[in-house]
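So this block is protein33.txt, compact mmCIF, C-alpha atoms and all ligand atoms:
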```txt
# COMPACT_ATOMS: atom_id res chain seq x y z
CA MET A 1 -4.28 -16.43 -6.74
CA VAL A 2 -7.33 -14.58 -5.39
CA PRO A 3 -9.43 -14.89 -8.58
CA MET A 4 -8.16 -18.43 -9.18
CA ASN A 5 -9.44 -19.46 -5.76
CA LEU A 6 -12.56 -17.32 -5.43
CA LEU A 7 -13.84 -16.48 -8.93
CA SER A 8 -15.31 -18.60 -11.71
CA ALA A 9 -15.78 -17.86 -15.42
CA ASP A 10 -19.45 -16.90 -15.08
CA ALA A 11 -19.13 -14.94 -11.83
CA THR A 12 -18.24 -11.28 -11.24
CA ALA A 13 -15.70 -9.74 -8.87
CA ASP A 14 -15.81 -6.07 -7.89
CA TYR A 15 -12.58 -4.06 -7.97
CA LEU A 16 -11.86 -0.73 -6.32
CA VAL A 17 -9.21 0.68 -8.61
CA THR A 18 -7.00 3.25 -6.90
CA GLY A 19 -3.64 2.87 -8.61
CA VAL A 20 -1.20 0.59 -10.33
CA TRP A 21 -1.50 -2.47 -8.10
CA SER A 22 -5.29 -2.56 -8.10
CA THR A 23 -5.31 -2.05 -11.89
CA LYS A 24 -2.99 -5.03 -12.23
CA ALA A 25 -5.12 -7.08 -9.84
CA ALA A 26 -8.27 -6.34 -11.87
CA ASP A 27 -6.48 -7.24 -15.12
CA GLU A 28 -5.46 -10.59 -13.66
CA ALA A 29 -9.00 -11.30 -12.49
CA LYS A 30 -10.28 -10.74 -16.05
CA LYS A 31 -8.34 -13.83 -17.07
CA ILE A 32 -10.53 -15.91 -14.77
CA GLY A 33 -14.00 -14.31 -14.66
CA LYS A 34 -15.94 -11.08 -15.04
CA VAL A 35 -14.69 -7.88 -13.45
CA HIS A 36 -16.79 -4.89 -12.42
CA ILE A 37 -14.92 -1.70 -11.56
CA ALA A 38 -16.93 -0.66 -8.50
CA ALA A 39 -15.08 2.68 -8.19
CA THR A 40 -11.98 4.30 -9.59
CA THR A 41 -10.28 7.67 -9.31
CA LYS A 42 -8.28 7.16 -12.51
CA ALA A 43 -9.85 10.28 -14.09
CA GLU A 44 -8.21 12.29 -11.28
CA GLN A 45 -4.83 10.60 -11.74
CA PHE A 46 -5.49 8.50 -8.63
CA THR A 47 -4.91 11.51 -6.38
CA ARG A 48 -7.47 10.30 -3.86
CA ILE A 49 -9.39 7.31 -2.51
CA PRO A 50 -13.01 6.97 -3.74
CA ARG A 51 -15.71 8.39 -1.47
CA ALA A 52 -18.33 6.00 -0.05
CA GLU A 53 -21.08 7.34 -2.32
CA GLU A 54 -18.95 6.71 -5.43
CA ILE A 55 -18.73 2.97 -4.84
CA VAL A 56 -21.25 0.98 -6.90
CA LEU A 57 -21.13 -2.70 -6.03
CA SER A 58 -22.57 -5.35 -8.32
CA ARG A 59 -25.24 -7.73 -7.03
CA GLY A 60 -23.88 -11.08 -5.88
CA ALA A 61 -20.22 -10.31 -6.49
CA ALA A 62 -17.81 -13.12 -5.58
CA TYR A 63 -15.79 -10.57 -3.61
CA VAL A 64 -14.72 -6.91 -3.51
CA HIS A 65 -11.00 -6.28 -3.97
CA MET A 66 -9.18 -3.20 -2.68
CA THR A 67 -5.58 -2.03 -2.24
CA SER A 68 -5.17 -0.42 1.16
CA ASN A 69 -2.20 1.81 0.30
CA ASN A 70 -1.02 3.07 -3.08
CA THR A 71 2.74 3.45 -3.15
CA ILE A 72 3.08 5.38 -6.43
CA TYR A 73 0.28 7.92 -5.82
CA GLY A 74 0.82 8.28 -2.07
CA THR A 75 -2.78 7.54 -1.08
CA GLN A 76 -4.23 5.27 1.60
CA TRP A 77 -7.69 4.13 2.65
CA LYS A 78 -8.50 5.68 6.05
CA THR A 79 -11.63 3.61 6.66
CA LEU A 80 -12.74 0.35 5.09
CA PRO A 81 -15.43 0.53 2.41
CA ASP A 82 -18.85 -0.80 3.40
CA VAL A 83 -19.37 -3.89 1.24
CA GLY A 84 -22.26 -5.48 3.15
CA ASP A 85 -22.11 -9.28 3.09
CA THR A 86 -19.76 -9.47 0.11
CA PRO A 87 -16.33 -10.84 1.07
CA LEU A 88 -13.77 -8.01 1.26
CA VAL A 89 -10.32 -8.87 -0.11
CA SER A 90 -7.46 -6.46 0.51
CA ASP A 91 -3.91 -6.23 -0.81
CA THR A 92 -2.22 -4.69 2.23
CA SER A 93 1.35 -5.22 0.98
CA SER A 94 2.48 -1.66 1.51
CA ASP A 95 0.91 -0.85 4.86
CA MET A 96 0.54 -4.19 6.65
CA PHE A 97 1.66 -3.90 10.30
CA SER A 98 1.87 -0.10 10.01
CA ARG A 99 -1.40 0.48 11.89
CA PRO A 100 -4.17 -1.61 13.48
CA ILE A 101 -6.23 -3.52 10.93
CA ASP A 102 -9.82 -4.66 11.42
CA VAL A 103 -9.26 -8.27 10.41
CA ALA A 104 -12.87 -9.25 11.15
CA ARG A 105 -14.18 -6.97 8.41
CA HIS A 106 -12.06 -8.73 5.80
CA ALA A 107 -12.58 -12.12 4.18
CA LEU A 108 -9.03 -12.26 2.86
CA ILE A 109 -5.95 -10.14 3.49
CA TYR A 110 -2.72 -10.65 1.58
CA ALA A 111 0.57 -8.86 1.92
CA GLY A 112 4.02 -9.40 0.49
CA ALA A 113 6.41 -9.08 3.43
CA GLN A 114 9.01 -6.94 1.71
CA LYS A 115 7.81 -3.45 2.59
CA ASN A 116 6.96 -3.51 6.30
CA MET A 117 7.36 -7.02 7.61
CA GLY A 118 10.61 -8.60 6.51
CA PRO A 119 12.63 -9.86 3.55
CA ALA A 120 11.10 -10.62 0.15
CA GLY A 121 9.96 -14.15 -0.56
CA VAL A 122 7.11 -14.64 1.87
CA THR A 123 3.51 -13.45 1.62
CA VAL A 124 1.20 -13.31 4.61
CA VAL A 125 -2.38 -14.45 3.89
CA ILE A 126 -5.26 -14.28 6.37
CA ILE A 127 -8.31 -16.02 4.94
CA ARG A 128 -11.73 -16.75 6.42
CA ASP A 129 -12.49 -20.46 6.81
CA ASP A 130 -15.63 -20.40 4.66
CA LEU A 131 -13.66 -19.03 1.69
CA LEU A 132 -11.25 -21.95 1.77
CA ALA A 133 -14.10 -24.22 0.75
CA ARG A 134 -14.46 -22.19 -2.46
CA SER A 135 -10.93 -23.02 -3.70
CA ALA A 136 -11.40 -25.04 -6.86
CA ALA A 137 -10.17 -28.64 -6.53
CA SER A 138 -8.87 -28.37 -10.09
CA LEU A 139 -6.25 -25.75 -9.12
CA PRO A 140 -2.57 -26.69 -9.11
CA VAL A 141 -1.87 -27.45 -5.45
CA MET A 142 0.69 -24.65 -4.99
CA LEU A 143 -1.93 -22.08 -6.03
CA SER A 144 -4.67 -23.35 -3.73
CA TYR A 145 -5.26 -21.50 -0.44
CA ALA A 146 -7.09 -24.59 0.83
CA VAL A 147 -4.01 -26.78 0.35
CA HIS A 148 -1.76 -24.27 2.15
CA ALA A 149 -4.24 -23.92 5.03
CA GLU A 150 -4.78 -27.69 5.40
CA ASN A 151 -1.02 -28.14 5.58
CA ARG A 152 -0.47 -25.26 8.00
CA SER A 153 1.66 -23.47 5.36
CA LEU A 154 4.02 -26.46 5.27
CA TYR A 155 2.84 -28.23 2.12
CA ASN A 156 6.32 -27.67 0.76
CA THR A 157 9.37 -26.22 2.51
CA PRO A 158 8.46 -22.54 2.86
CA PRO A 159 11.09 -19.75 2.82
CA VAL A 160 12.13 -20.43 6.40
CA PHE A 161 14.68 -17.63 6.69
CA ALA A 162 12.17 -14.99 5.54
CA ILE A 163 9.57 -16.40 7.96
CA TYR A 164 12.07 -16.38 10.82
CA MET A 165 12.89 -12.74 10.09
CA LEU A 166 9.19 -11.90 9.99
CA GLY A 167 8.92 -13.44 13.45
CA LEU A 168 11.75 -11.24 14.73
CA VAL A 169 10.16 -8.13 13.21
CA SER A 170 6.84 -9.07 14.85
CA ARG A 171 8.59 -9.31 18.21
CA TRP A 172 10.22 -5.92 17.61
CA LEU A 173 6.79 -4.51 16.81
CA ILE A 174 5.35 -5.84 20.07
CA GLY A 175 8.23 -4.05 21.80
CA GLN A 176 7.16 -0.82 20.07
CA GLY A 177 3.72 -1.10 21.65
CA GLY A 178 2.24 -3.26 18.92
CA LEU A 179 0.26 -1.87 16.02
CA ASP A 180 -1.10 1.03 18.11
CA GLY A 181 2.45 1.95 19.06
CA ILE A 182 3.84 1.84 15.52
CA ALA A 183 0.76 3.67 14.17
CA ALA A 184 1.52 6.60 16.49
CA VAL A 185 5.13 6.66 15.25
CA ASN A 186 3.98 6.49 11.62
CA GLU A 187 1.46 9.32 12.14
CA ARG A 188 4.19 11.45 13.65
CA LYS A 189 6.76 10.65 10.93
CA ALA A 190 4.38 11.36 8.04
CA GLY A 191 2.99 14.41 9.86
CA LYS A 192 6.44 16.02 9.92
CA LEU A 193 6.81 15.72 6.13
CA TYR A 194 3.26 16.85 5.34
CA ALA A 195 3.84 19.85 7.62
CA GLU A 196 6.84 20.83 5.46
CA ILE A 197 4.77 20.36 2.31
CA ASP A 198 1.91 22.49 3.63
CA ARG A 199 4.07 25.19 5.24
CA SER A 200 4.53 27.59 2.33
CA GLY A 201 3.32 26.33 -1.04
CA PHE A 202 6.85 25.77 -2.43
CA TYR A 203 6.20 22.03 -2.21
CA ARG A 204 2.91 20.64 -3.49
CA GLY A 205 1.55 17.33 -2.19
CA THR A 206 0.18 15.18 -5.01
CA ALA A 207 -2.39 13.25 -2.94
CA GLN A 208 -5.53 15.03 -1.76
CA THR A 209 -5.29 15.79 1.95
CA GLU A 210 -7.94 13.34 3.19
CA SER A 211 -6.31 10.46 1.26
CA ARG A 212 -2.68 11.04 2.22
CA SER A 213 -0.60 7.94 2.84
CA LEU A 214 1.43 7.50 6.01
CA MET A 215 3.83 5.23 4.12
CA ASN A 216 4.58 7.10 0.88
CA VAL A 217 4.72 10.88 0.91
CA THR A 218 4.58 12.16 -2.69
CA PHE A 219 5.13 15.77 -3.69
CA ARG A 220 6.23 18.09 -6.47
CA LEU A 221 8.42 21.17 -6.65
CA PRO A 222 7.69 24.28 -8.77
CA SER A 223 9.58 22.81 -11.78
CA GLU A 224 11.03 19.51 -12.98
CA GLU A 225 14.41 21.19 -13.04
CA LEU A 226 14.15 21.95 -9.32
CA GLU A 227 13.02 18.38 -8.71
CA LYS A 228 16.18 17.06 -10.39
CA GLN A 229 18.26 19.45 -8.30
CA PHE A 230 16.39 18.41 -5.14
CA ILE A 231 17.07 14.72 -5.75
CA LYS A 232 20.75 15.38 -6.54
CA ASP A 233 21.36 17.64 -3.54
CA ALA A 234 19.46 15.25 -1.29
CA GLU A 235 21.69 12.37 -2.40
CA ASN A 236 24.75 14.44 -1.62
CA ALA A 237 23.29 15.05 1.84
CA GLY A 238 22.90 11.28 2.34
CA LEU A 239 19.18 11.16 1.57
CA ASP A 240 18.73 8.49 -1.07
CA GLY A 241 15.79 7.00 -2.97
CA LEU A 242 13.63 10.12 -3.19
CA LYS A 243 12.89 9.97 -6.91
CA GLY A 244 9.19 9.47 -7.60
CA HIS A 245 8.08 6.42 -9.60
CA ARG A 246 9.01 6.88 -13.28
CA SER A 247 5.33 6.80 -14.29
CA VAL A 248 4.47 9.94 -12.28
CA GLY A 249 7.77 11.75 -11.65
CA GLY A 250 8.15 14.15 -8.73
CA ILE A 251 9.44 13.16 -5.31
CA ARG A 252 8.46 10.22 -3.13
CA ALA A 253 9.60 9.64 0.43
CA SER A 254 8.81 6.05 1.38
CA ILE A 255 8.85 5.88 5.15
CA TYR A 256 7.90 2.32 6.02
CA ASN A 257 8.11 1.02 9.60
CA ALA A 258 11.84 0.36 9.38
CA PHE A 259 12.67 3.91 8.28
CA PRO A 260 13.95 5.78 11.33
CA GLU A 261 12.33 8.96 12.56
CA ALA A 262 15.77 10.60 12.54
CA GLY A 263 15.77 10.11 8.76
CA VAL A 264 12.43 11.89 8.52
CA ASP A 265 13.82 14.74 10.64
CA ALA A 266 16.86 14.96 8.34
CA LEU A 267 14.62 15.13 5.26
CA ALA A 268 12.35 17.78 6.82
CA HIS A 269 15.44 19.85 7.64
CA PHE A 270 16.79 19.36 4.11
CA MET A 271 13.43 20.44 2.62
CA ARG A 272 13.48 23.66 4.63
CA GLU A 273 17.06 24.42 3.62
CA PHE A 274 16.39 23.65 -0.06
CA GLU A 275 13.40 25.95 -0.04
CA ARG A 276 15.42 28.70 1.60
CA ARG A 277 18.00 28.46 -1.22
CA HIS A 278 15.61 28.00 -4.16
CA GLY A 279 12.20 29.23 -3.03
C1 LIG B 301 4.79 -3.44 -3.47
C2 LIG B 301 3.43 -3.96 -3.67
C3 LIG B 301 3.20 -5.22 -4.23
C4 LIG B 301 4.32 -6.15 -4.60
O1 LIG B 301 5.26 -5.66 -5.45
P1 LIG B 301 6.76 -6.20 -5.48
O2 LIG B 301 7.25 -5.69 -6.79
O3 LIG B 301 6.69 -7.68 -5.41
O4 LIG B 301 7.43 -5.60 -4.31
C5 LIG B 301 1.90 -5.64 -4.38
N1 LIG B 301 0.86 -4.88 -3.99
C6 LIG B 301 1.04 -3.69 -3.42
C7 LIG B 301 -0.13 -2.93 -2.94
C8 LIG B 301 2.32 -3.18 -3.25
O5 LIG B 301 2.49 -1.99 -2.66
```
Now, as a test, write the supplied structure out as C-alpha cells.
Ligand SMILES: *Cc1c(COP(=O)(O)O)cnc(C)c1O
Amino acid sequence: MVPMNLLSADATADYLVTGVWSTKAADEAKKIGKVHIAATTKAEQFTRIPRAEEIVLSRGAAYVHMTSNNTIYGTQWKTLPDVGDTPLVSDTSSDMFSRPIDVARHALIYAGAQKNMGPAGVTVVIIRDDLLARSAASLPVMLSYAVHAENRSLYNTPPVFAIYMLGLVSRWLIGQGGLDGIAAVNERKAGKLYAEIDRSGFYRGTAQTESRSLMNVTFRLPSEELEKQFIKDAENAGLDGLKGHRSVGGIRASIYNAFPEAGVDALAHFMREFERRHG
C-alpha cells in the first residue's frame, strides 16, 4: 500500500534493507516505481543495522522506507536514520508500543497489531496529512490511505473485535506507565537473556551488540546438535517456540510485550542449567 499511495512509475523510493521484511517491502515497491537500496547489511547476513555513514540517499526520493525491528535476525534500530526532508516511512510491526517512538520524525508509520498490540486482522497506520494528498485517485478505494482517513477508518466495517482488543491493550499499557514504563520492562527482560549469552561464550548472540533487538533475542550454541537438544529439553521444561526461523536456524526467544518477565527468568535459568550439563 505504501508504494501504491506514495510512489509513481517514474519516481524513486529509497529502501533501508535490514532483513526479510524490508527485502519484501522493496520488492513490492519495484512493482510500482524505481527502488534505490540506500543501505543494506545483507553481505553481513543482516547481523547489524547500517551505520549512519553507510546510508546513501537518492536525490528527490518519494520516501525512505525502514523496518524498525527485524524478527528473524534479532536486530533493531536504536536511533532513527537522518533522512533530511524526505518522508520517513517505517514498518514498526514487531516493536510498535514496545518503547517510545518519535512520531514527529516519521511521515508514515504502519504496524500489524499481531505482535505487540492485539489480535491479527488490524493494522495501525499513522500518516502525515500532506502525504494523504499524494494518494492516487485511481487507486481502488480499499487501498487508498486518503479514503480511510477521510472516513475515519470507517469506510467499511473494520475488524471491530480486533480494534476493541487493541483498545484494551492500550489501556493496559497506560497502566504499565505507558511506553516509558513498558520500555523499561523490555530493556530488563532482554538484558537478562543477553547477560546469559555474554556470560561465558557457550552461547553466541547472532546480532552485533549495538544492534541487538529487545523483542527477538537470537543466538547459537556450539553445534546444531546441541541446538536440537536445547530446543527439545526446553520444550520438556515448558519453554516453547524457541526454534529460530527456518531460514537462519539457531535459537530465537521472542519476548514481545505480552511475554511475562517470569518466562524470561525461567529461560535464563534453563540456559544456565543447560550450559552446566553440556558446556
Ligand atoms: C511480523 C511482521 C510483519 C507481518 O507479518 P505477518 O506474517 O502478517 O505476521 C510485517 N513486518 C514486520 C516488520 C514484521 O515483523
Counting all atoms listed in the file, closest pick from A:Ser58, A:Thr206, A:Gln229, A:Gln76 relative to ligand LIG 301 (chain B) is A:Gln76
Kindly assemble as CSV a list of the chain A residues that lie within 12 Å of ligand LIG 301 (chain B), each paired with its nearest atom pair and their distance in Å to one decimal, using all atoms listed in the file, sorted first by chain and then by ascending residue number.
```
residue,atom,partner,partner_atom,distance
A:Val17,CA,B:LIG301,C7,11.3
A:Thr18,CA,B:LIG301,C7,10.1
A:Gly19,CA,B:LIG301,C7,8.8
A:Val20,CA,B:LIG301,C7,8.3
A:Trp21,CA,B:LIG301,N1,5.3
A:Ser22,CA,B:LIG301,C7,7.3
A:Thr23,CA,B:LIG301,C7,10.4
A:Lys24,CA,B:LIG301,N1,9.1
A:Ala25,CA,B:LIG301,N1,8.7
A:His65,CA,B:LIG301,C7,11.4
A:Met66,CA,B:LIG301,C7,9.1
A:Thr67,CA,B:LIG301,C7,5.6
A:Ser68,CA,B:LIG301,C7,7.0
A:Asn69,CA,B:LIG301,C7,6.1
A:Asn70,CA,B:LIG301,C7,6.1
A:Thr71,CA,B:LIG301,O5,5.5
A:Ile72,CA,B:LIG301,O5,8.3
A:Tyr73,CA,B:LIG301,O5,10.6
A:Gly74,CA,B:LIG301,O5,10.4
A:Thr75,CA,B:LIG301,C7,11.0
A:Gln76,CA,B:LIG301,C7,10.2
A:Trp77,CA,B:LIG301,C7,11.8
A:Ser90,CA,B:LIG301,C7,8.8
A:Asp91,CA,B:LIG301,C7,5.5
A:Thr92,CA,B:LIG301,C7,5.8
A:Ser93,CA,B:LIG301,C6,4.7
A:Ser94,CA,B:LIG301,O5,4.2
A:Asp95,CA,B:LIG301,O5,7.8
A:Met96,CA,B:LIG301,C7,9.7
A:Ile109,CA,B:LIG301,C7,11.3
A:Tyr110,CA,B:LIG301,N1,8.8
A:Ala111,CA,B:LIG301,N1,7.1
A:Gly112,CA,B:LIG301,C4,6.0
A:Ala113,CA,B:LIG301,O4,8.5
A:Gln114,CA,B:LIG301,O4,6.4
A:Lys115,CA,B:LIG301,C1,6.8
A:Asn116,CA,B:LIG301,C1,10.0
A:Met117,CA,B:LIG301,C1,11.9
A:Gly118,CA,B:LIG301,O4,11.7
A:Pro119,CA,B:LIG301,O4,10.3
A:Ala120,CA,B:LIG301,O4,7.7
A:Gly121,CA,B:LIG301,O3,8.7
A:Val122,CA,B:LIG301,O3,10.1
A:Thr123,CA,B:LIG301,C4,9.6
A:Val124,CA,B:LIG301,C5,11.8
A:Ser213,CA,B:LIG301,O5,11.8
A:Met215,CA,B:LIG301,O5,10.0
A:Asn216,CA,B:LIG301,O5,10.0
A:Ser254,CA,B:LIG301,O5,11.0
A:Tyr256,CA,B:LIG301,O5,11.1
```
Kindly give the distance, in Å, that separates CA of Leu57 (chain A) and CA of Ala133 (chain A), rounded to a single decimal.
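Pair CA of Leu57 (chain A) / CA of Ala133 (chain A) returns 23.6 Å.
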Which residue is closest to Gly181 (chain A)? Choose from A:Phe97, A:Val83, A:Met4, A:Tyr63 and count only C-alpha atoms.
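Closest to Gly181 (chain A), using only C-alpha atoms: A:Phe97.
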How far is it from CA of Arg199 (chain A) to CA of Ala184 (chain A), in Å with one decimal?
21.9 Å
Please, what distance in Å, to one decimal, runs between CA of Ile182 (chain A) and CA of Asp102 (chain A)?
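Distance reported for this atom pair: 15.7 Å.
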Between A:Glu225, A:Glu235, A:Glu261, A:Asp85, smallest distance to Gly60 (chain A) by only C-alpha atoms belongs to A:Asp85
For Glu224 (chain A), list every protein, DNA or RNA residue within 12 Å, evaluated using only C-alpha atoms, and leave out those in the same chain fewer than 3 positions away; present the list as a PDB file with C-alpha atoms, in the coordinates of the input.
```pdb
ATOM      1  CA  PHE A 219       5.130  15.770  -3.690  1.00  0.00           C
ATOM      2  CA  ARG A 220       6.230  18.090  -6.470  1.00  0.00           C
ATOM      3  CA  LEU A 221       8.420  21.170  -6.650  1.00  0.00           C
ATOM      4  CA  GLU A 227      13.020  18.380  -8.710  1.00  0.00           C
ATOM      5  CA  LYS A 228      16.180  17.060 -10.390  1.00  0.00           C
ATOM      6  CA  GLN A 229      18.260  19.450  -8.300  1.00  0.00           C
ATOM      7  CA  PHE A 230      16.390  18.410  -5.140  1.00  0.00           C
ATOM      8  CA  ILE A 231      17.070  14.720  -5.750  1.00  0.00           C
ATOM      9  CA  LYS A 243      12.890   9.970  -6.910  1.00  0.00           C
ATOM     10  CA  GLY A 244       9.190   9.470  -7.600  1.00  0.00           C
ATOM     11  CA  VAL A 248       4.470   9.940 -12.280  1.00  0.00           C
ATOM     12  CA  GLY A 249       7.770  11.750 -11.650  1.00  0.00           C
ATOM     13  CA  GLY A 250       8.150  14.150  -8.730  1.00  0.00           C
ATOM     14  CA  ILE A 251       9.440  13.160  -5.310  1.00  0.00           C
TER      15      ILE A 251
END
```
Residue among A:Pro3, A:Leu16, A:Lys30, A:Val141 lying closest to Glu54 (chain A), counting only C-alpha atoms:
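When distances to Glu54 (chain A) are compared using only C-alpha atoms, the smallest one comes from A:Leu16.
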Around the point (2.7, 18.2, 5.6) in the file's coordinates, collect all residues with an atom within 10 Å, using only C-alpha atoms, and return them as a PyMOL selection string.
chain A and resi 190-199+203-205+209+212+217+219+268
Just the selected residues (C-alpha atoms), exported as a PDB file, in the coordinates of the input, please.
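The result, written out as part-v4.pdb:
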```pdb
ATOM      1  CA  ALA A 190       4.380  11.360   8.040  1.00  0.00           C
ATOM      2  CA  GLY A 191       2.990  14.410   9.860  1.00  0.00           C
ATOM      3  CA  LYS A 192       6.440  16.020   9.920  1.00  0.00           C
ATOM      4  CA  LEU A 193       6.810  15.720   6.130  1.00  0.00           C
ATOM      5  CA  TYR A 194       3.260  16.850   5.340  1.00  0.00           C
ATOM      6  CA  ALA A 195       3.840  19.850   7.620  1.00  0.00           C
ATOM      7  CA  GLU A 196       6.840  20.830   5.460  1.00  0.00           C
ATOM      8  CA  ILE A 197       4.770  20.360   2.310  1.00  0.00           C
ATOM      9  CA  ASP A 198       1.910  22.490   3.630  1.00  0.00           C
ATOM     10  CA  ARG A 199       4.070  25.190   5.240  1.00  0.00           C
ATOM     11  CA  TYR A 203       6.200  22.030  -2.210  1.00  0.00           C
ATOM     12  CA  ARG A 204       2.910  20.640  -3.490  1.00  0.00           C
ATOM     13  CA  GLY A 205       1.550  17.330  -2.190  1.00  0.00           C
ATOM     14  CA  THR A 209      -5.290  15.790   1.950  1.00  0.00           C
ATOM     15  CA  ARG A 212      -2.680  11.040   2.220  1.00  0.00           C
ATOM     16  CA  VAL A 217       4.720  10.880   0.910  1.00  0.00           C
ATOM     17  CA  PHE A 219       5.130  15.770  -3.690  1.00  0.00           C
ATOM     18  CA  ALA A 268      12.350  17.780   6.820  1.00  0.00           C
TER      19      ALA A 268
END
```
Specify the axis-aligned box that encloses all atoms of region 190-200 of chain A listed in the file after padding of 8 Å on each side, stating its centre and edge lengths in Å to one decimal as lines of an AutoDock Vina configuration file.
```
center_x = 4.4
center_y = 19.5
center_z = 6.1
size_x = 20.9
size_y = 32.2
size_z = 23.6
```
Find the residue from A:Ala207, A:Leu267, A:Val64, A:Ala29 that sits nearest to Glu44 (chain A); use only C-alpha atoms when measuring.
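For Glu44 (chain A), the nearest of the given residues is A:Ala207.
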So which residues touch Ser8 (chain A) within 9 Å, counting all atoms listed in the file, skipping near sequence neighbours fewer than 4 positions away, as a PyMOL selection string?
chain A and resi 3-4+12+32-34+62+136
Restricting to all atoms listed in the file, whichever of A:Glu187, A:Ala266, A:Asn257, A:Asp27 is closest to Asp240 (chain A) is A:Ala266
Contacts of region 168-179 of chain A at 6 Å (all atoms listed in the file; same-chain gap of 3+ positions) as a short mmCIF file (atom, residue, chain, number, x, y, z; two decimals) with C-alpha atoms, in the frame of the given file:
```cif
data_model
loop_
_atom_site.label_atom_id
_atom_site.label_comp_id
_atom_site.auth_asym_id
_atom_site.auth_seq_id
_atom_site.Cartn_x
_atom_site.Cartn_y
_atom_site.Cartn_z
CA ARG A 99 -1.40 0.48 11.89
CA PRO A 100 -4.17 -1.61 13.48
CA MET A 165 12.89 -12.74 10.09
CA ILE A 182 3.84 1.84 15.52
CA ALA A 183 0.76 3.67 14.17
#
```
All residues 12 Å or closer to Arg277 (chain A), all atoms listed in the file, same chain fewer than 2 positions away omitted, as a list in words
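In the requested form, the answer reads Phe202, Leu226, Gln229, Phe230, Asp233, Phe270, Met271, Arg272, Glu273, Phe274, Glu275 and Gly279 of chain A.
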